[in-house]
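Source file: upload-v1.txt (compact mmCIF, C-alpha atoms and all ligand atoms)
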# COMPACT_ATOMS: atom_id res chain seq x y z
CA MET T 59 1.25 -72.80 -83.73
CA LYS T 60 3.61 -75.49 -84.93
CA GLU T 61 4.72 -78.54 -83.02
CA CYS T 62 8.41 -79.21 -82.39
CA ASP T 63 9.25 -82.52 -84.07
CA VAL T 64 11.75 -83.37 -81.33
CA CYS T 65 9.88 -82.71 -78.07
CA GLY T 66 6.35 -81.99 -79.27
CA THR T 67 6.06 -78.55 -77.66
CA PRO T 68 3.72 -76.22 -79.54
CA ASN T 69 5.58 -73.09 -80.64
CA LEU T 70 4.48 -69.79 -82.10
CA LYS T 71 4.65 -69.70 -85.85
CA ALA T 72 7.31 -66.99 -85.81
CA ASN T 73 9.69 -69.02 -83.63
CA ASN T 74 12.74 -70.37 -85.40
CA TYR T 75 13.81 -72.39 -82.36
CA CYS T 76 11.71 -74.47 -79.97
CA THR T 77 11.20 -72.65 -76.67
CA HIS T 78 11.46 -75.92 -74.74
CA CYS T 79 14.32 -77.92 -76.25
CA GLY T 80 16.01 -75.44 -78.56
CA ASN T 81 15.45 -77.55 -81.66
CA ARG T 82 15.58 -75.57 -84.88
CA ILE T 83 12.04 -75.53 -86.21
CA ALA T 84 11.79 -75.63 -89.99
CA MET T 85 11.71 -72.16 -91.41
CA ASP T 86 8.81 -70.84 -93.44
CA ASN T 87 9.06 -69.06 -96.76
CA ILE T 88 7.42 -65.82 -95.67
CA CYS T 89 7.49 -62.91 -98.13
CA PRO T 90 9.54 -60.07 -96.59
CA PHE T 91 7.44 -57.53 -98.52
CA CYS T 92 3.85 -58.50 -97.75
CA GLY T 93 4.12 -61.30 -95.16
CA GLU T 94 2.46 -63.96 -97.33
CA LEU T 95 3.36 -67.57 -96.51
CA ASN T 96 4.66 -69.16 -99.73
CA SER T 97 5.52 -72.75 -100.61
CA ASP T 98 9.09 -73.76 -99.76
CA ASP T 99 10.35 -73.68 -103.32
CA SER T 100 8.63 -70.59 -104.71
CA SER T 101 10.92 -67.83 -105.97
CA TYR T 102 8.10 -65.31 -106.46
CA CYS T 103 5.49 -64.32 -103.88
CA SER T 104 2.05 -65.67 -104.75
CA ASN T 105 0.46 -62.52 -103.32
CA CYS T 106 2.58 -59.52 -104.36
CA ASN T 107 4.64 -61.17 -107.12
CA LYS T 108 7.93 -59.83 -105.80
CA GLN T 109 11.02 -61.98 -106.03
CA ILE T 110 11.72 -63.92 -102.82
CA ARG T 111 14.34 -66.50 -101.89
CA PRO T 112 13.09 -70.10 -101.74
CA VAL T 113 13.78 -71.86 -98.43
CA SER T 114 14.12 -75.22 -100.09
CA ILE T 115 16.21 -76.18 -103.10
CA ASP T 116 14.11 -78.58 -105.12
CA SER T 117 16.17 -78.93 -108.28
CA PHE T 118 19.81 -79.06 -109.28
CA GLU T 119 19.24 -75.97 -111.45
CA LYS T 120 18.36 -74.08 -108.27
CA LEU T 121 21.30 -75.60 -106.40
CA PHE T 122 24.05 -74.97 -108.92
CA THR T 123 23.65 -71.22 -109.25
CA ASP T 124 26.47 -68.68 -109.24
CA TYR T 125 24.87 -67.19 -106.14
CA ASN T 126 25.15 -70.47 -104.19
CA LYS T 127 28.65 -71.00 -105.53
CA LEU T 128 29.67 -67.65 -104.13
CA LEU T 129 28.05 -68.47 -100.79
CA LEU T 130 30.02 -71.70 -100.64
CA ALA T 131 33.26 -69.95 -101.64
CA LYS T 132 32.82 -67.56 -98.73
CA ALA T 133 31.41 -70.14 -96.32
CA GLU T 134 32.50 -70.14 -92.71
CA ILE T 135 30.98 -71.21 -89.43
CA SER T 136 31.99 -70.21 -85.92
CA ASP T 137 32.77 -72.93 -83.41
CA GLU T 138 29.78 -71.80 -81.40
CA ASP T 139 27.38 -72.12 -84.33
CA TYR T 140 28.91 -75.45 -85.26
CA SER T 141 28.40 -76.81 -81.79
CA LYS T 142 24.75 -75.69 -82.00
CA LEU T 143 24.45 -77.46 -85.33
CA LEU T 144 25.82 -80.67 -83.78
CA SER T 145 23.58 -80.53 -80.73
CA ASN T 146 20.64 -79.91 -83.01
CA ILE T 147 21.36 -83.19 -84.78
CA PHE T 148 21.84 -85.18 -81.58
CA ARG T 149 19.08 -83.50 -79.58
CA LYS T 150 16.57 -86.12 -80.73
CA LEU T 151 18.42 -88.73 -78.65
CA LYS T 152 17.82 -86.80 -75.46
CA PHE T 153 14.08 -86.96 -75.99
CA SER T 154 13.96 -90.59 -77.10
CA LYS T 155 13.67 -93.64 -74.96
CA ILE T 156 16.27 -96.33 -75.57
CA VAL T 157 14.40 -99.61 -75.44
CA GLY T 158 15.09 -103.26 -76.17
CA HIS T 159 15.38 -106.62 -74.49
CA THR T 160 18.67 -107.52 -76.07
CA LEU T 161 21.81 -105.47 -76.52
CA LYS T 162 21.31 -105.46 -80.28
CA GLU T 163 17.78 -104.12 -79.86
CA LYS T 164 19.09 -101.29 -77.69
CA ILE T 165 21.69 -100.31 -80.29
CA LEU T 166 19.00 -100.53 -82.97
CA SER T 167 16.80 -98.29 -80.85
CA ILE T 168 19.58 -95.65 -80.72
CA ALA T 169 20.27 -95.89 -84.46
CA GLY T 170 16.52 -95.86 -85.16
CA VAL T 171 16.24 -92.37 -83.70
CA PHE T 172 18.11 -91.13 -86.78
CA ALA T 173 17.67 -93.61 -89.59
CA GLU T 174 15.41 -96.47 -90.50
CA CYS T 175 17.20 -99.74 -89.76
CA ARG T 176 16.46 -102.66 -92.03
CA PRO T 177 17.84 -106.18 -91.72
CA LYS T 178 19.08 -107.87 -94.86
CA ALA T 179 19.95 -111.49 -95.47
CA ARG T 180 21.62 -111.46 -98.84
CA GLY T 181 24.85 -110.13 -100.27
CA GLU T 182 28.38 -110.19 -98.95
CA GLU T 183 28.47 -106.73 -97.29
CA LEU T 184 28.04 -106.69 -93.52
CA GLY T 185 25.82 -103.65 -94.03
CA PHE T 186 25.40 -100.46 -95.99
CA GLU T 187 23.63 -97.16 -95.75
CA PHE T 188 21.83 -95.04 -98.28
CA GLY T 189 20.10 -91.75 -97.52
CA HIS T 190 17.93 -92.28 -94.47
CA VAL T 191 18.02 -96.05 -94.38
CA LEU T 192 20.69 -98.34 -93.02
CA TYR T 193 20.95 -102.07 -93.62
CA TYR T 194 22.68 -104.70 -91.50
CA ASP T 195 23.01 -108.41 -92.22
CA ASP T 196 21.07 -110.34 -89.61
CA ARG T 197 22.90 -113.59 -90.33
CA LEU T 198 26.00 -112.27 -88.56
CA ASP T 199 26.80 -112.77 -84.89
CA ASP T 200 25.15 -110.12 -82.72
CA SER T 201 28.50 -108.50 -81.92
CA VAL T 202 29.27 -107.96 -85.60
CA GLN T 203 25.73 -106.75 -86.26
CA ILE T 204 26.13 -104.19 -83.47
CA ALA T 205 29.47 -102.99 -84.90
CA THR T 206 27.86 -102.78 -88.34
CA ILE T 207 24.86 -100.80 -87.10
CA ILE T 208 27.17 -98.28 -85.38
CA HIS T 209 29.28 -98.07 -88.54
CA GLU T 210 26.31 -97.42 -90.83
CA LEU T 211 24.76 -95.02 -88.32
CA THR T 212 27.99 -93.02 -88.47
CA HIS T 213 27.68 -92.78 -92.25
CA PHE T 214 24.20 -91.34 -91.75
CA LEU T 215 25.34 -88.89 -89.04
CA LEU T 216 28.19 -87.60 -91.19
CA PHE T 217 25.75 -87.22 -94.08
CA ASP T 218 23.43 -85.28 -91.78
CA ILE T 219 26.26 -83.05 -90.50
CA ILE T 220 27.42 -82.16 -94.03
CA GLU T 221 23.84 -81.48 -95.14
CA SER T 222 23.29 -79.26 -92.09
CA LEU T 223 26.47 -77.32 -92.91
CA LEU T 224 25.18 -76.72 -96.43
CA CYS T 225 21.73 -75.72 -95.11
CA ASP T 226 23.53 -73.16 -92.97
CA VAL T 227 25.56 -71.84 -95.91
CA PHE T 228 22.63 -71.61 -98.36
CA GLN T 229 20.08 -70.72 -95.64
CA VAL T 230 17.68 -73.43 -96.79
CA LYS T 231 15.87 -76.45 -95.41
CA GLN T 232 16.98 -80.02 -95.97
CA SER T 233 15.83 -81.45 -99.30
CA SER T 234 16.40 -84.50 -101.43
CA THR T 235 18.25 -82.34 -103.97
CA LEU T 236 20.72 -81.20 -101.36
CA GLU T 237 20.99 -84.77 -100.10
CA GLY T 238 21.75 -86.05 -103.59
CA PHE T 239 24.64 -83.59 -103.74
CA VAL T 240 25.89 -84.50 -100.25
CA TRP T 241 25.80 -88.15 -101.22
CA TYR T 242 27.78 -87.34 -104.36
CA CYS T 243 30.48 -85.59 -102.26
CA LEU T 244 30.69 -88.32 -99.66
CA SER T 245 30.95 -91.09 -102.22
CA ASN T 246 33.49 -89.34 -104.44
CA ASP T 247 36.15 -86.91 -103.20
CA LEU T 248 35.27 -87.39 -99.53
CA ALA T 249 34.74 -91.15 -99.67
CA LEU T 250 38.00 -91.97 -97.87
CA MET T 251 37.12 -89.51 -95.11
CA ASN T 252 33.61 -90.94 -94.85
CA GLU T 253 34.81 -94.53 -94.57
CA TYR T 254 37.66 -93.74 -92.19
CA CYS T 255 35.25 -91.88 -89.91
CA ALA T 256 32.72 -94.75 -89.85
CA HIS T 257 35.40 -97.33 -89.04
CA THR T 258 36.85 -95.16 -86.28
CA VAL T 259 33.50 -94.55 -84.58
CA GLU T 260 32.65 -98.25 -84.84
CA GLY T 261 36.09 -99.08 -83.42
CA ARG T 262 35.51 -96.96 -80.33
CA PHE T 263 32.54 -99.01 -79.21
CA ILE T 264 33.93 -102.52 -79.70
CA PRO T 265 36.73 -104.22 -77.77
CA HIS T 266 40.35 -103.48 -78.62
CA GLY T 267 41.69 -105.67 -81.40
CA TYR T 268 38.48 -106.40 -83.27
CA GLN T 269 38.63 -103.14 -85.27
CA ARG T 270 38.14 -103.46 -89.02
CA TYR T 271 39.05 -100.97 -91.72
CA ALA T 272 38.10 -103.23 -94.62
CA SER T 273 35.99 -100.79 -96.68
CA PHE T 274 38.58 -98.06 -96.11
CA GLU T 275 41.30 -100.43 -97.32
CA SER T 276 39.41 -101.29 -100.48
CA LEU T 277 38.95 -97.58 -101.25
CA LEU T 278 42.69 -97.09 -100.67
CA GLU T 279 43.42 -99.68 -103.33
CA GLU T 280 41.38 -97.83 -105.92
CA THR T 281 42.25 -94.23 -105.11
CA THR T 282 44.36 -92.04 -107.36
CA PHE T 283 45.03 -89.55 -104.52
CA ASP T 284 48.58 -89.08 -103.31
CA ASP T 285 49.66 -89.85 -99.75
CA GLU T 286 49.36 -86.26 -98.63
CA LYS T 287 45.74 -85.97 -99.74
CA ILE T 288 44.90 -89.34 -98.21
CA GLY T 289 46.48 -88.15 -94.97
CA VAL T 290 44.33 -85.01 -94.93
CA LEU T 291 41.15 -87.03 -95.53
CA MET T 292 42.06 -89.39 -92.69
CA VAL T 293 42.64 -86.51 -90.30
CA LEU T 294 39.30 -84.98 -91.32
CA GLY T 295 37.57 -88.34 -90.85
CA ASN T 296 39.22 -88.73 -87.47
CA THR T 297 38.14 -85.26 -86.37
CA PHE T 298 34.51 -85.89 -87.36
CA ALA T 299 34.75 -89.29 -85.66
CA GLY T 300 35.85 -87.58 -82.44
CA GLU T 301 32.80 -85.32 -82.55
CA ILE T 302 30.39 -88.17 -83.24
CA ILE T 303 31.97 -90.40 -80.57
CA GLY T 304 31.69 -87.55 -78.06
CA GLN T 305 27.95 -87.36 -78.70
CA LEU T 306 27.26 -91.11 -78.87
CA GLU T 307 29.23 -91.97 -75.72
CA ASP T 308 26.47 -90.46 -73.61
CA TYR T 309 24.05 -93.04 -75.00
CA ILE T 310 26.23 -96.01 -75.88
CA ASP T 311 27.48 -95.51 -72.36
CA HIS T 312 29.84 -97.43 -70.14
CA ASP T 313 27.27 -100.12 -69.31
CA LEU T 314 26.35 -100.69 -72.92
CA ARG T 315 30.02 -100.77 -73.92
CA GLU T 316 30.72 -103.39 -71.26
CA ALA T 317 27.80 -105.40 -72.58
CA ILE T 318 29.24 -105.15 -76.10
CA LYS T 319 32.56 -106.51 -74.80
CA LEU T 320 30.77 -109.50 -73.29
CA GLN T 321 28.89 -110.07 -76.51
CA TYR T 322 32.20 -110.25 -78.40
CA LYS T 323 33.58 -112.74 -75.89
CA LYS T 324 30.50 -114.85 -76.40
CA ASP T 325 30.50 -114.72 -80.19
CA LEU T 326 34.07 -114.68 -81.35
CA LYS T 327 37.28 -116.50 -80.61
CA ASN T 328 40.12 -114.03 -80.52
CA PRO T 329 40.72 -110.53 -81.84
CA ASP T 330 43.14 -110.44 -84.76
CA TYR T 331 44.49 -106.91 -84.17
CA ASN T 332 44.81 -106.64 -87.98
CA SER T 333 43.37 -103.17 -88.39
CA ILE T 334 44.05 -101.46 -85.09
CA GLY T 335 47.15 -99.90 -86.69
CA TYR T 336 44.89 -97.70 -88.80
CA GLU T 337 43.70 -95.86 -85.73
CA SER T 338 45.33 -92.54 -85.09
CA MET T 339 45.16 -89.70 -82.63
CA ASP T 340 45.69 -87.12 -85.38
CA SER T 341 42.94 -84.57 -85.58
CA VAL T 342 42.64 -80.85 -86.17
CA LYS T 343 40.77 -78.06 -84.44
CA THR T 344 37.08 -77.73 -85.31
CA ASP T 345 37.42 -74.44 -87.21
CA VAL T 346 40.36 -75.75 -89.26
CA LYS T 347 38.46 -78.92 -90.11
CA ASN T 348 35.34 -77.00 -91.11
CA GLN T 349 37.30 -74.65 -93.33
CA ILE T 350 38.94 -77.58 -95.13
CA ILE T 351 35.55 -79.25 -95.52
CA PHE T 352 34.09 -76.11 -97.09
CA ASN T 353 36.99 -76.07 -99.56
CA TYR T 354 36.29 -79.69 -100.47
CA LEU T 355 32.57 -79.01 -100.80
CA PHE T 356 33.31 -76.05 -103.04
CA ASP T 357 35.46 -78.20 -105.34
CA SER T 358 32.78 -80.90 -105.38
CA PHE T 359 30.11 -78.28 -106.13
CA ASP T 360 32.15 -77.10 -109.09
CA GLU T 361 32.66 -80.64 -110.33
CA ALA T 362 29.09 -81.83 -109.67
CA SER T 363 27.55 -78.83 -111.44
CA ASP T 364 28.94 -80.09 -114.76
CA VAL T 365 25.94 -81.19 -116.85
CA ASN T 366 27.59 -84.55 -117.45
CA ASN T 367 27.05 -85.32 -113.80
CA ARG T 368 23.36 -84.45 -113.79
CA GLU T 369 22.07 -87.92 -114.54
CA ASN T 370 24.13 -89.39 -111.73
CA LEU T 371 22.91 -86.74 -109.27
CA GLU T 372 19.27 -87.22 -110.26
CA PHE T 373 19.72 -90.94 -109.73
CA LEU T 374 21.10 -90.36 -106.20
CA LYS T 375 18.34 -87.87 -105.40
CA GLU T 376 15.58 -90.25 -106.51
CA GLY T 377 17.17 -93.14 -104.64
CA ILE T 378 17.31 -91.15 -101.42
CA LYS T 379 13.78 -89.83 -101.87
CA ASN T 380 12.25 -93.23 -102.51
CA ARG T 381 13.75 -94.74 -99.38
CA VAL T 382 12.64 -92.03 -96.99
ZN ZN P 401 11.28 -78.91 -78.87
ZN ZN P 402 4.60 -60.80 -101.06
ZN ZN P 403 31.25 -97.85 -94.44

Please, can you express the file's structure as structure tokens?
Amino acid sequence: MKECDVCGTPNLKANNYCTHCGNRIAMDNICPFCGELNSDDSSYCSNCNKQIRPVSIDSFEKLFTDYNKLLLAKAEISDEDYSKLLSNIFRKLKFSKIVGHTLKEKILSIAGVFAECRPKARGEELGFEFGHVLYYDDRLDDSVQIATIIHELTHFLLFDIIESLLCDVFQVKQSSTLEGFVWYCLSNDLALMNEYCAHTVEGRFIPHGYQRYASFESLLEETTFDDEKIGVLMVLGNTFAGEIIGQLEDYIDHDLREAIKLQYKKDLKNPDYNSIGYESMDSVKTDVKNQIIFNYLFDSFDEASDVNNRENLEFLKEGIKNRV
């Protein structure tokens, strides 16, 4: 028996999905020839010595294979499977209790279901996120801290969605190697998408006029992409934002959103409406978005597999691993 890490129900070892909540239970590396249970990363069965496929990618050598490249080139996901993937990520919220005396504590309790939330009190950024940890500056007004926590949570959720897509393509478990690669994608070619998405989700939960697109703007200043490419990344970011907002609205619900409005009134003078113009209704259908994302991930895979990038990837992987 193995326990579901979302709802705690004991499940039979052979189950891939929890019988109670439908959570995907981590797969085991069972030899298809003799039935031996092998360690996640073994490529040969410890019992019969036959070649088997590891269920976890534990090194960049194992990630950047021609086989995986081909899988990514042919990658596709049906809308139905994608919606399962999304509900698998957000399912944890359904089984968690949102607690807290203050509004900020409640938002932290929601974010804490996914990532570890750590306050910081140094540095000019309002917050940042790396791997499974998000930071928010506790010297800010509560309203701005709340906006920051939602923003950084979105970065984590997008990271989780992209990793889950890759797990689906390669048929493997999550691993720090895969996460190092996802981080590489989201901070290079997909950085504008990533930032636009986080700002848009944040913007949904705070009162009209207070929206900020500052980190997106600073990426815009540095980018060498042409307007068309920037436009595509914004539409992708907006489409992901729509999906994440749709899930979060059930938890950061009407009452909490009203409370956030009040908190802004208490903390700040007037909205400046500076960044609201960045918001857009432009999005694409799920399958179109996912196909474009796979193309981007394929290009990033090609680029990242260059040995000159190895040191950088190892650095990201270690950073993510050490903060888990
Ligand atoms: Zn379960
Ligand atoms: Zn075997
Ligand atoms: Zn950001």

Name the residues, by chain letter and number, that sit within 6 Å of ligand ZN 402 (chain P) using all atoms listed in the file, and give them as a ChimeraX atom specification.
/T:89,91-94,103,105-106,108

Residues of chain T within 10 Å of ligand ZN 403 (chain P): nearest atom pair and distance (Å, one decimal) for each, counting only C-alpha atoms and all ligand atoms, sorted by chain and number, as a Markdown table?
| residue | atom | partner | partner_atom | distance |
| --- | --- | --- | --- | --- |
| T:Glu183 | CA | P:ZN403 | ZN | 9.7 |
| T:Leu184 | CA | P:ZN403 | ZN | 9.4 |
| T:Gly185 | CA | P:ZN403 | ZN | 8.0 |
| T:Phe186 | CA | P:ZN403 | ZN | 6.6 |
| T:Glu187 | CA | P:ZN403 | ZN | 7.8 |
| T:Thr206 | CA | P:ZN403 | ZN | 8.5 |
| T:Ile208 | CA | P:ZN403 | ZN | 9.9 |
| T:His209 | CA | P:ZN403 | ZN | 6.2 |
| T:Glu210 | CA | P:ZN403 | ZN | 6.1 |
| T:Leu211 | CA | P:ZN403 | ZN | 9.4 |
| T:Thr212 | CA | P:ZN403 | ZN | 8.3 |
| T:His213 | CA | P:ZN403 | ZN | 6.6 |
| T:Phe214 | CA | P:ZN403 | ZN | 10.0 |
| T:Ala249 | CA | P:ZN403 | ZN | 9.2 |
| T:Leu250 | CA | P:ZN403 | ZN | 9.6 |
| T:Asn252 | CA | P:ZN403 | ZN | 7.3 |
| T:Glu253 | CA | P:ZN403 | ZN | 4.9 |
| T:Tyr254 | CA | P:ZN403 | ZN | 7.9 |
| T:Cys255 | CA | P:ZN403 | ZN | 8.5 |
| T:Ala256 | CA | P:ZN403 | ZN | 5.7 |
| T:His257 | CA | P:ZN403 | ZN | 6.8 |
| T:Glu260 | CA | P:ZN403 | ZN | 9.7 |
| T:Tyr271 | CA | P:ZN403 | ZN | 8.8 |
| T:Ala272 | CA | P:ZN403 | ZN | 8.7 |
| T:Ser273 | CA | P:ZN403 | ZN | 6.0 |
| T:Phe274 | CA | P:ZN403 | ZN | 7.5 |

Between atom CA of T:Leu192 and atom CA of T:Ala179, what is the distance, to one decimal in Å?
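Computed distance, atom CA of T:Leu192 to atom CA of T:Ala179, equals 13.4 Å.
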
Point-to-point distance from atom CA of T:Asp199 to atom CA of T:Lys327, Å rounded to tenths:
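For atom CA of T:Asp199 relative to atom CA of T:Lys327, the distance reads 11.9 Å.
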
Please return as JSON, numbers by chain the residues found within 12 Å of ligand ZN 401 (chain P), counting only C-alpha atoms and all ligand atoms.
{"T": [60, 61, 62, 63, 64, 65, 66, 67, 68, 69, 70, 73, 74, 75, 76, 77, 78, 79, 80, 81, 82, 83, 84, 146, 149, 150, 152, 153]}

Could you list, with a cut-off of 8 Å and counting all atoms listed in the file, the residues of stretch 63-138 of chain T near stretch 225-243 of chain T, each shown with its nearest atom pair and the distance in Å rounded to one decimal, rows sorted by chain and ascending number, as a tab-separated table?
residue	atom	partner	partner_atom	distance
T:Ala84	CA	T:Lys231	CA	6.8
T:Met85	CA	T:Lys231	CA	7.2
T:Pro112	CA	T:Val230	CA	7.5
T:Val113	CA	T:Val230	CA	4.5
T:Ser114	CA	T:Lys231	CA	5.1
T:Ile115	CA	T:Ser233	CA	6.5
T:Asp116	CA	T:Thr235	CA	5.7
T:Ser117	CA	T:Thr235	CA	5.9
T:Phe118	CA	T:Thr235	CA	6.4
T:Leu121	CA	T:Leu236	CA	7.6
T:Asn126	CA	T:Phe228	CA	6.5
T:Leu129	CA	T:Val227	CA	6.4
T:Leu130	CA	T:Val227	CA	6.5
T:Ala133	CA	T:Val227	CA	6.1
T:Glu134	CA	T:Val227	CA	7.8

With distances taken over all atoms listed in the file, which of T:Phe188, T:Tyr309, T:Tyr193, T:Phe298 is nearest to T:Thr344?
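Residue with the minimum atom-to-atom distance to T:Thr344: T:Phe298.
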
What are the centre and the three edge lengths of an axis-aligned box that wraps all atoms of stretch 309-319 of chain T in the file, given that 6 Å is added to every side, written as AutoDock Vina command-line options and rounded to one decimal in Å?
--center_x 28.3 --center_y -99.8 --center_z -72.7 --size_x 20.5 --size_y 25.5 --size_z 18.8

Nearest-residue call for T:Lys347, choices T:Ala317, T:Met292, T:Leu198, T:Ser145, using all atoms listed in the file:
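Checking each candidate against T:Lys347, we get T:Met292 as the closest.
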
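Taking only C-alpha atoms into account, the polymer residues that have an atom no farther than 9 Å from (13.8, -94.3, -100.6) are Phe188, Gly189, His190, Val191, Glu376, Gly377, Ile378, Lys379, Asn380, Arg381 and Val382 of chain T.
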